[in-house]
file entry-v6.txt (compact mmCIF, C-alpha atoms)
# COMPACT_ATOMS: atom_id res chain seq x y z
CA MET A 4 94.10 88.70 103.94
CA ASP A 5 92.55 85.68 105.62
CA ASN A 6 94.50 82.50 106.33
CA GLN A 7 93.32 79.36 104.57
CA THR A 8 92.19 76.62 106.94
CA ASN A 9 93.53 73.10 106.35
CA LEU A 10 92.20 70.06 108.17
CA THR A 11 94.44 67.90 110.30
CA GLY A 12 93.72 64.93 112.50
CA MET A 13 92.12 65.45 115.90
CA GLN A 14 93.54 63.44 118.79
CA SER A 15 91.47 62.07 121.66
CA GLU A 16 92.62 64.83 124.02
CA ASP A 17 91.53 67.37 121.40
CA LEU A 18 88.08 65.80 121.30
CA GLU A 19 87.70 65.93 125.04
CA TYR A 20 88.69 69.57 125.19
CA VAL A 21 86.47 70.62 122.26
CA VAL A 22 83.44 68.72 123.59
CA ARG A 23 83.84 70.30 127.01
CA VAL A 24 84.09 73.84 125.62
CA VAL A 25 81.21 73.48 123.16
CA ARG A 26 78.85 71.80 125.62
CA ASP A 27 79.44 74.63 128.11
CA HIS A 28 77.68 76.96 125.67
CA LEU A 29 75.62 74.81 123.28
CA ASN A 30 72.76 72.37 123.80
CA ALA A 31 73.45 69.63 121.23
CA TYR A 32 71.20 66.65 120.60
CA ASP A 33 73.89 64.66 118.76
CA ILE A 34 77.67 64.64 118.43
CA GLN A 35 79.51 63.01 115.52
CA ALA A 36 83.31 62.76 115.34
CA THR A 37 85.51 62.00 112.34
CA PRO A 38 89.31 61.85 112.12
CA VAL A 39 89.43 65.50 111.07
CA SER A 40 86.43 67.18 112.70
CA ILE A 41 83.63 66.94 115.20
CA ARG A 42 80.03 68.06 114.62
CA PHE A 43 77.49 69.17 117.21
CA TYR A 44 73.91 69.03 115.92
CA TYR A 45 71.50 71.41 117.58
CA ILE A 46 67.99 72.84 117.42
CA ASN A 47 67.50 76.60 117.43
CA SER A 48 64.70 76.44 119.99
CA ASP A 49 67.12 74.79 122.45
CA ASN A 50 69.69 77.56 121.81
CA PRO A 51 67.84 80.90 121.70
CA ASP A 52 71.12 82.84 121.95
CA ILE A 53 73.09 80.78 119.45
CA ASP A 54 75.03 83.73 118.02
CA ASN A 55 76.49 84.81 121.37
CA ALA A 56 77.05 81.18 122.36
CA PHE A 57 79.01 80.56 119.17
CA ASP A 58 81.09 83.70 119.72
CA GLU A 59 82.07 82.52 123.20
CA ILE A 60 83.03 79.12 121.77
CA ARG A 61 85.03 80.80 119.02
CA LYS A 62 86.93 82.99 121.52
CA GLU A 63 87.99 79.91 123.46
CA LEU A 64 88.79 77.54 120.59
CA VAL A 65 90.49 79.72 117.96
CA PRO A 66 93.47 80.73 120.18
CA LYS A 67 93.99 77.00 120.84
CA GLY A 68 94.25 76.22 117.13
CA PHE A 69 90.67 75.05 116.47
CA ILE A 70 88.30 76.53 113.90
CA PRO A 71 84.56 76.32 114.68
CA PHE A 72 81.92 77.27 112.14
CA LEU A 73 78.14 77.13 111.89
CA SER A 74 76.06 75.58 109.13
CA GLU A 75 72.32 76.05 108.76
CA GLU A 76 72.05 74.51 105.32
CA GLY A 77 69.65 71.65 106.03
CA GLU A 78 70.46 70.32 109.49
CA HIS A 79 71.90 72.85 111.91
CA PHE A 80 75.31 71.98 113.27
CA LEU A 81 78.49 73.48 114.67
CA GLU A 82 81.63 71.87 113.25
CA VAL A 83 85.11 72.14 114.72
CA THR A 84 88.33 71.35 112.87
CA ARG A 85 91.95 71.76 113.86
CA ARG A 86 94.14 74.21 111.99
CA PRO A 87 97.78 73.17 111.55
CA PRO A 88 100.37 75.44 113.19
CA VAL A 89 101.01 78.55 111.11
CA LYS A 90 104.25 80.49 111.28
CA PHE A 91 103.98 84.23 110.81
CA ARG A 92 106.79 86.53 109.81
CA GLY A 93 108.31 88.57 112.60
CA VAL A 94 107.86 92.29 113.04
CA TYR A 95 111.23 92.87 111.38
CA LEU A 96 109.56 92.59 107.95
CA ASN A 97 107.06 95.30 108.89
CA ILE A 98 109.93 97.54 109.98
CA ILE A 99 111.93 96.93 106.79
CA MET A 100 108.93 97.68 104.56
CA LEU A 101 108.14 100.78 106.62
CA ILE A 102 111.69 102.10 106.20
CA LEU A 103 111.69 101.35 102.46
CA THR A 104 108.32 103.07 102.01
CA LEU A 105 109.49 106.09 103.99
CA ALA A 106 112.52 106.28 101.72
CA SER A 107 110.49 105.92 98.52
CA THR A 108 107.88 108.52 99.56
CA ILE A 109 110.57 110.97 100.68
CA TYR A 110 112.36 110.49 97.35
CA VAL A 111 109.18 111.03 95.33
CA GLY A 112 108.21 113.99 97.55
CA SER A 113 111.60 115.60 96.93
CA ILE A 114 110.90 115.46 93.20
CA TYR A 115 107.57 117.27 93.64
CA ALA A 116 109.27 119.80 95.96
CA VAL A 117 111.57 121.04 93.18
CA ASN A 118 109.17 123.85 92.28
CA PHE A 119 108.92 125.12 95.87
CA VAL A 120 112.55 125.58 96.90
CA ALA A 121 114.61 128.59 95.93
CA ASN A 122 117.47 126.49 94.55
CA PRO A 123 116.27 123.36 92.73
CA ARG A 124 119.76 121.86 93.16
CA ASP A 125 119.51 122.09 96.95
CA ILE A 126 118.87 118.39 97.50
CA TYR A 127 118.83 118.63 101.30
CA THR A 128 116.01 121.17 101.36
CA ARG A 129 114.10 119.13 98.80
CA ILE A 130 114.48 116.01 100.93
CA LEU A 131 113.26 117.96 103.97
CA TYR A 132 110.24 119.20 102.01
CA GLY A 133 109.67 115.71 100.66
CA PHE A 134 109.54 114.31 104.19
CA VAL A 135 107.52 117.05 105.92
CA PHE A 136 105.08 117.93 103.15
CA PHE A 137 104.68 114.61 101.33
CA SER A 138 105.92 111.49 103.11
CA LEU A 139 104.75 112.41 106.61
CA PRO A 140 101.11 113.28 105.80
CA LEU A 141 100.76 110.39 103.34
CA MET A 142 102.23 107.81 105.71
CA LEU A 143 100.08 109.21 108.52
CA ILE A 144 96.88 108.70 106.51
CA LEU A 145 97.85 105.21 105.37
CA GLY A 146 99.14 104.20 108.80
CA ILE A 147 96.04 105.35 110.67
CA HIS A 148 93.87 103.65 108.04
CA GLU A 149 95.53 100.30 108.77
CA THR A 150 95.59 100.97 112.51
CA GLY A 151 91.81 101.36 112.36
CA HIS A 152 91.54 97.85 110.91
CA PHE A 153 93.97 96.53 113.52
CA ILE A 154 92.20 98.03 116.55
CA VAL A 155 88.73 96.89 115.54
CA ALA A 156 90.03 93.42 114.64
CA ARG A 157 91.57 93.08 118.08
CA TRP A 158 88.35 94.37 119.66
CA HIS A 159 86.55 91.48 117.96
CA LYS A 160 89.26 89.10 119.26
CA VAL A 161 90.64 88.53 115.76
CA ARG A 162 94.42 88.43 115.59
CA ALA A 163 95.95 90.76 113.02
CA SER A 164 99.44 91.71 111.90
CA LEU A 165 100.94 95.15 112.14
CA PRO A 166 100.68 97.18 108.89
CA PHE A 167 102.78 96.17 105.89
CA PHE A 168 103.68 99.25 103.81
CA ILE A 169 104.43 98.76 100.12
CA PRO A 170 107.23 100.94 98.67
CA PHE A 171 107.11 102.14 95.09
CA PRO A 172 109.68 104.84 94.24
CA LEU A 173 107.72 106.22 91.27
CA THR A 174 104.72 108.54 90.81
CA LEU A 175 103.03 108.21 94.24
CA GLY A 176 105.86 106.69 96.28
CA THR A 177 103.83 103.75 97.57
CA PHE A 178 101.24 101.17 96.61
CA GLY A 179 99.58 101.64 100.00
CA ALA A 180 99.55 99.32 103.00
CA PHE A 181 97.68 96.34 104.37
CA ILE A 182 97.30 94.18 107.45
CA SER A 183 96.95 90.41 107.51
CA LEU A 184 94.09 88.89 109.50
CA ARG A 185 95.52 85.83 111.21
CA ASP A 186 92.17 84.41 112.35
CA PRO A 187 89.00 83.82 110.33
CA LEU A 188 86.33 86.50 110.58
CA PRO A 189 83.83 85.41 113.25
CA ASN A 190 80.59 86.89 111.93
CA ARG A 191 79.11 89.38 109.46
CA ARG A 192 79.10 92.14 112.04
CA ALA A 193 82.85 91.82 112.58
CA MET A 194 83.36 91.59 108.82
CA THR A 195 81.52 94.89 108.33
CA GLU A 196 83.14 96.74 111.21
CA ILE A 197 86.70 95.61 110.53
CA GLY A 198 86.26 96.43 106.85
CA ILE A 199 84.93 99.95 107.39
CA ALA A 200 87.23 100.87 110.30
CA GLY A 201 90.23 101.58 108.06
CA PRO A 202 88.50 103.90 105.55
CA ILE A 203 86.79 105.83 108.35
CA ALA A 204 90.06 106.27 110.26
CA GLY A 205 91.97 107.28 107.12
CA PHE A 206 89.23 109.64 105.93
CA LEU A 207 88.97 111.39 109.32
CA THR A 208 92.75 111.79 109.30
CA ALA A 209 92.81 113.20 105.77
CA LEU A 210 89.95 115.62 106.39
CA PRO A 211 91.85 118.17 108.56
CA LEU A 212 95.00 117.62 106.53
CA VAL A 213 93.22 118.69 103.36
CA PHE A 214 92.61 122.12 104.92
CA ILE A 215 96.19 122.35 106.19
CA ALA A 216 97.53 121.41 102.76
CA ASN A 217 95.28 123.98 101.09
CA SER A 218 96.53 126.70 103.47
CA LEU A 219 100.19 125.76 103.02
CA SER A 220 99.82 125.78 99.24
CA HIS A 221 99.09 129.51 99.52
CA ALA A 222 101.96 130.06 101.98
CA PHE A 223 104.42 128.26 99.66
CA PRO A 224 103.68 129.44 96.10
CA PRO A 225 105.61 127.75 93.28
CA LEU A 226 108.94 129.39 92.51
CA HIS A 227 109.55 127.44 89.30
CA ASP A 228 107.52 125.60 86.72
CA PHE A 229 109.18 122.26 86.12
CA ARG A 230 106.33 120.10 84.79
CA ILE A 231 105.82 116.50 85.84
CA GLY A 232 104.46 113.99 83.35
CA PHE A 233 100.91 113.82 84.72
CA PHE A 234 98.14 115.90 86.27
CA ILE A 235 95.55 114.94 88.89
CA ASN A 236 91.78 115.36 88.98
CA PHE A 237 90.21 116.18 92.31
CA PRO A 238 87.26 114.28 93.82
CA LEU A 239 83.88 115.73 94.76
CA ILE A 240 84.88 116.47 98.37
CA TYR A 241 87.09 119.34 97.22
CA ARG A 242 84.11 121.08 95.66
CA VAL A 243 81.87 120.30 98.63
CA LEU A 244 84.42 121.91 100.97
CA HIS A 245 85.08 124.77 98.51
CA LEU A 246 88.79 124.02 98.41
CA ASN A 247 91.25 125.20 95.82
CA GLU A 248 91.79 122.72 92.96
CA PRO A 249 95.09 123.72 91.34
CA HIS A 250 95.14 123.23 87.58
CA GLY A 251 97.88 124.23 85.18
CA VAL A 252 100.29 125.07 88.01
CA PRO A 253 102.71 122.92 90.05
CA VAL A 254 100.88 121.15 92.87
CA PHE A 255 102.23 121.61 96.38
CA PRO A 256 103.56 118.26 97.69
CA MET A 257 101.19 118.13 100.67
CA VAL A 258 98.18 118.76 98.44
CA LEU A 259 99.27 115.78 96.35
CA ALA A 260 99.91 113.63 99.46
CA VAL A 261 96.43 114.25 100.86
CA TRP A 262 94.93 113.66 97.41
CA VAL A 263 96.66 110.25 97.38
CA GLY A 264 95.14 109.53 100.79
CA MET A 265 91.66 110.40 99.52
CA PHE A 266 92.18 108.33 96.39
CA ALA A 267 93.32 105.36 98.52
CA THR A 268 90.13 105.69 100.58
CA ALA A 269 87.97 105.58 97.45
CA MET A 270 89.87 102.67 95.94
CA ASN A 271 89.58 100.62 99.15
CA LEU A 272 85.85 101.31 99.38
CA ILE A 273 85.06 99.82 95.97
CA PRO A 274 82.69 96.99 97.02
CA VAL A 275 84.39 94.00 95.42
CA GLY A 276 86.33 90.95 96.57
CA GLN A 277 88.92 91.41 99.32
CA LEU A 278 88.90 95.22 99.28
CA ASP A 279 87.55 96.99 102.36
CA GLY A 280 84.33 97.77 100.51
CA GLY A 281 84.04 94.07 99.65
CA HIS A 282 84.20 93.20 103.36
CA VAL A 283 81.51 95.78 104.15
CA VAL A 284 79.11 94.65 101.43
CA ARG A 285 79.65 90.95 102.22
CA GLY A 286 79.00 91.65 105.88
CA LEU A 287 75.82 93.61 105.21
CA LEU A 288 74.32 91.54 102.39
CA GLY A 289 75.68 88.07 103.09
CA LYS A 290 75.73 85.76 100.08
CA ARG A 291 73.77 88.28 98.02
CA ALA A 292 76.93 90.44 97.93
CA SER A 293 78.23 88.33 95.02
CA ILE A 294 75.82 90.23 92.75
CA VAL A 295 77.44 93.52 93.79
CA ASP A 296 80.90 92.01 93.22
CA TYR A 297 80.16 91.15 89.59
CA ILE A 298 78.47 94.50 88.92
CA PHE A 299 81.43 96.51 90.20
CA VAL A 300 84.06 94.37 88.48
CA ALA A 301 82.19 95.04 85.23
CA PHE A 302 82.09 98.72 86.26
CA LEU A 303 85.88 98.73 86.71
CA PHE A 304 86.46 97.15 83.31
CA ILE A 305 84.20 99.77 81.67
CA LEU A 306 85.98 102.60 83.50
CA GLY A 307 89.25 101.15 82.22
CA PHE A 308 88.46 102.59 78.79
CA ARG A 309 88.83 106.04 80.39
CA TYR A 310 91.67 105.22 82.77
CA GLU A 311 93.68 102.04 82.28
CA GLY A 312 94.55 101.79 85.98
CA TRP A 313 91.07 100.42 86.69
CA TRP A 314 91.84 97.42 84.48
CA LEU A 315 94.84 96.63 86.68
CA LEU A 316 92.71 96.88 89.82
CA ALA A 317 89.98 94.69 88.32
CA ILE A 318 92.51 92.01 87.36
CA PHE A 319 94.10 92.22 90.82
CA VAL A 320 90.70 91.78 92.50
CA VAL A 321 89.82 88.80 90.31
CA LEU A 322 93.19 87.14 91.00
CA LEU A 323 92.73 87.58 94.75
CA GLY A 324 89.32 85.96 94.54
CA LEU A 325 86.08 87.63 93.59
CA THR A 326 83.96 85.51 95.90
CA HIS A 327 84.35 86.66 99.48
CA PRO A 328 84.75 83.77 101.97
CA PRO A 329 81.94 83.54 104.53
CA ALA A 330 82.31 84.27 108.23
CA LEU A 331 82.49 81.42 110.71
CA ASP A 332 78.96 82.37 111.77
CA ASP A 333 77.46 83.61 108.54
CA TYR A 334 73.92 83.69 109.92
CA ALA A 335 74.11 86.21 112.78
CA PRO A 336 72.15 89.32 111.79
CA VAL A 337 73.87 92.69 111.47
CA LYS A 338 72.85 95.55 113.72
CA PRO A 339 71.41 98.97 112.77
CA VAL A 340 74.76 100.57 113.59
CA ASP A 341 76.41 98.39 110.93
CA ILE A 342 73.83 99.51 108.36
CA ALA A 343 74.66 103.11 109.32
CA LEU A 344 78.34 102.33 108.80
CA GLY A 345 77.48 100.96 105.35
CA VAL A 346 75.74 104.23 104.49
CA ALA A 347 78.80 106.14 105.74
CA ALA A 348 80.98 103.98 103.48
CA LEU A 349 78.81 104.86 100.48
CA VAL A 350 78.99 108.59 101.29
CA MET A 351 82.78 108.48 101.67
CA PHE A 352 83.09 106.59 98.41
CA ILE A 353 81.03 109.18 96.52
CA LEU A 354 83.02 112.06 98.05
CA THR A 355 86.48 110.61 97.33
CA PHE A 356 86.04 108.68 94.06
CA THR A 357 87.41 110.05 90.80
CA ALA A 358 86.72 108.19 87.55
CA VAL A 359 89.92 109.52 85.94
CA PRO A 360 92.24 110.25 88.87
CA ILE A 361 95.41 110.81 86.84
CA GLY A 362 95.80 112.17 83.34
CA ILE A 363 98.91 112.17 81.14
CA ARG A 364 100.15 115.53 79.93
call {"tool": "encode", "arguments": {"input": "entry-v6.txt", "output": "structure tokens"}}
result
Amino acid sequence: MDNQTNLTGMQSEDLEYVVRVVRDHLNAYDIQATPVSIRFYYINSDNPDIDNAFDEIRKELVPKGFIPFLSEEGEHFLEVTRRPPVKFRGVYLNIIMLILTLASTIYVGSIYAVNFVANPRDIYTRILYGFVFFSLPLMLILGIHETGHFIVARWHKVRASLPFFIPFPLTLGTFGAFISLRDPLPNRRAMTEIGIAGPIAGFLTALPLVFIANSLSHAFPPLHDFRIGFFINFPLIYRVLHLNEPHGVPVFPMVLAVWVGMFATAMNLIPVGQLDGGHVVRGLLGKRASIVDYIFVAFLFILGFRYEGWWLLAIFVVLLGLTHPPALDDYAPVKPVDIALGVAALVMFILTFTAVPIGIR
């Protein structure tokens, strides 16, 4: 979630500092100041390494509360505005939401464990199973997913919050997790790499766990047959890896937890709006990504006739904003490695996506 930038007045000392920083890296032929911003007009031929120069300027100015951005629509200029002070919530909120989500996933996991304990009334054993076989693997996948975003954001010198987990003590135990980006995205490369880092980290975490869950499901066969109100459909990766897809029998809690992790990966990789896939597509395609946004929102609405949950996601994406905001430097080209990451995102999406993930019994 990116912070909105508001303009505030720039004092004379601000102007002196900004001019000094920008002129250390940029050859400008004209400078124009207004009460709320200052523009540096430049010619590309005088600044052959404009992308790296802008990034150095951005690294110096953003921590000081200034927002620089490039415009190449007509005349080329670098504009700097001041962002008003923003107060962020302390880490205590992250800890509270983590504890609540642990509690909700353990509770839900204990419900799914009822078929795998000798005495269904043994609440302590069910809670233990709910923690070890459901909450722990699920929280690990979600946590490493968000940590991937966090690490790559910090590598690009973009401040980010710690993960916020969302508790939901029904069905899956959680609505997932997210981090908040506290600085604007600097360029399309950073947009792509920060966006894809989470799904890659979560997918690589889920991959060995899917084998462990499959093995444990054979070691802990169901002892009862208390039916829950829904069944799950497994994505393509289970068939590719020749893994067991339990149907018509109680699902071992860890199998369900890893399935949730895979489903979360697919859902985040849908290339629309503020989802991870939206960041990746916007980073790779630039302004042309809006076409993909509209296509996939329409796709979600069509899929909603098979599974109503896609309608909720489509509405959520539209409310957040279908048009992805540009990077501060929206003109720097992406690198071949970023294109390769985009291909990896597409492969992961195909392997983990399920058109009808949950069915009602």
call {"tool": "closest_residue", "arguments": {"input": "entry-v6.txt", "among": "A:Thr326, A:Thr150, A:Ser218, A:Thr84", "to": "Ile197 in chain A", "atoms": "all atoms listed in the file"}}
result
A:Thr150
call {"tool": "closest_residue", "arguments": {"input": "entry-v6.txt", "among": "A:Gly345, A:Gly324, A:Pro249, A:Pro187", "to": "Pro71 in chain A", "atoms": "only C-alpha atoms"}}
result
A:Pro187
call {"tool": "closest_residue", "arguments": {"input": "entry-v6.txt", "among": "A:Gly281, A:Pro51, A:Pro38, A:Gly112", "to": "Ala260 in chain A", "atoms": "all atoms listed in the file"}}
result
A:Gly112
call {"tool": "residues_around", "arguments": {"input": "entry-v6.txt", "residues": "Lys338 in chain A", "least_positions_apart": "6", "cutoff": "12 Å", "atoms": "only C-alpha atoms", "output": "list in words"}}
result
Asn190, Arg191, Arg192, Ala193, Thr195, Glu196, Gly286, Leu287, Leu344 and Gly345 of chain A
call {"tool": "atom_distance", "arguments": {"input": "entry-v6.txt", "atom1": "CA of Val275 in chain A", "atom2": "CA of Val321 in chain A"}}
result
9.1 Å
call {"tool": "closest_residue", "arguments": {"input": "entry-v6.txt", "among": "A:Leu219, A:Leu143, A:Leu165, A:Ile114", "to": "Val94 in chain A", "atoms": "only C-alpha atoms"}}
result
A:Leu165
call {"tool": "residues_near_point", "arguments": {"input": "entry-v6.txt", "point": "(89.6, 74.3, 114.8)", "cutoff": "10 Å", "atoms": "only C-alpha atoms", "output": "MDAnalysis selection string"}}
result
chainID A and resid 8:11 13 17 21 39:41 61 64:72 82:87
call {"tool": "atom_distance", "arguments": {"input": "entry-v6.txt", "atom1": "CA of Leu139 in chain A", "atom2": "CA of Ala106 in chain A"}}
result
11.0 Å
call {"tool": "atom_distance", "arguments": {"input": "entry-v6.txt", "atom1": "CA of Ile240 in chain A", "atom2": "CA of Thr355 in chain A"}}
result
6.2 Å
call {"tool": "residues_around", "arguments": {"input": "entry-v6.txt", "residues": "Asn217 in chain A", "least_positions_apart": "2", "cutoff": "8 Å", "atoms": "all atoms listed in the file", "output": "list in words"}}
result
Val213, Phe214, Ile215, Leu219, Ser220, His221, Leu246, Asn247 and Val258 of chain A
call {"tool": "residues_around", "arguments": {"input": "entry-v6.txt", "residues": "Tyr44 in chain A", "least_positions_apart": "3", "cutoff": "7 Å", "atoms": "only C-alpha atoms", "output": "list in words"}}
result
Ala31, Tyr32, Asp33, Ile34, His79, Phe80 and Leu81 of chain A
call {"tool": "axis_aligned_box", "arguments": {"input": "entry-v6.txt", "around": "range 124-133 of chain A", "padding_each_side": "5 Å", "output": "JSON"}}
result
{"center_x": 114.7, "center_y": 118.9, "center_z": 98.6, "size_x": 20.1, "size_y": 16.4, "size_z": 20.8}
call {"tool": "closest_residue", "arguments": {"input": "entry-v6.txt", "among": "A:Asp52, A:Ser138, A:Ile353, A:Ser183", "to": "Arg92 in chain A", "atoms": "all atoms listed in the file"}}
result
A:Ser183
call {"tool": "closest_residue", "arguments": {"input": "entry-v6.txt", "among": "A:Ile361, A:Leu188, A:Val284, A:Ile169", "to": "Ala156 in chain A", "atoms": "all atoms listed in the file"}}
result
A:Leu188
call {"tool": "residues_around", "arguments": {"input": "entry-v6.txt", "residues": "Pro189 in chain A", "least_positions_apart": "5", "cutoff": "7 Å", "atoms": "only C-alpha atoms", "output": "PyMOL selection string"}}
result
chain A and resi 330-332
call {"tool": "residues_around", "arguments": {"input": "entry-v6.txt", "residues": "Gly362 in chain A", "least_positions_apart": "6", "cutoff": "7 Å", "atoms": "all atoms listed in the file", "output": "VMD selection string"}}
result
chain A and resid 233 to 235
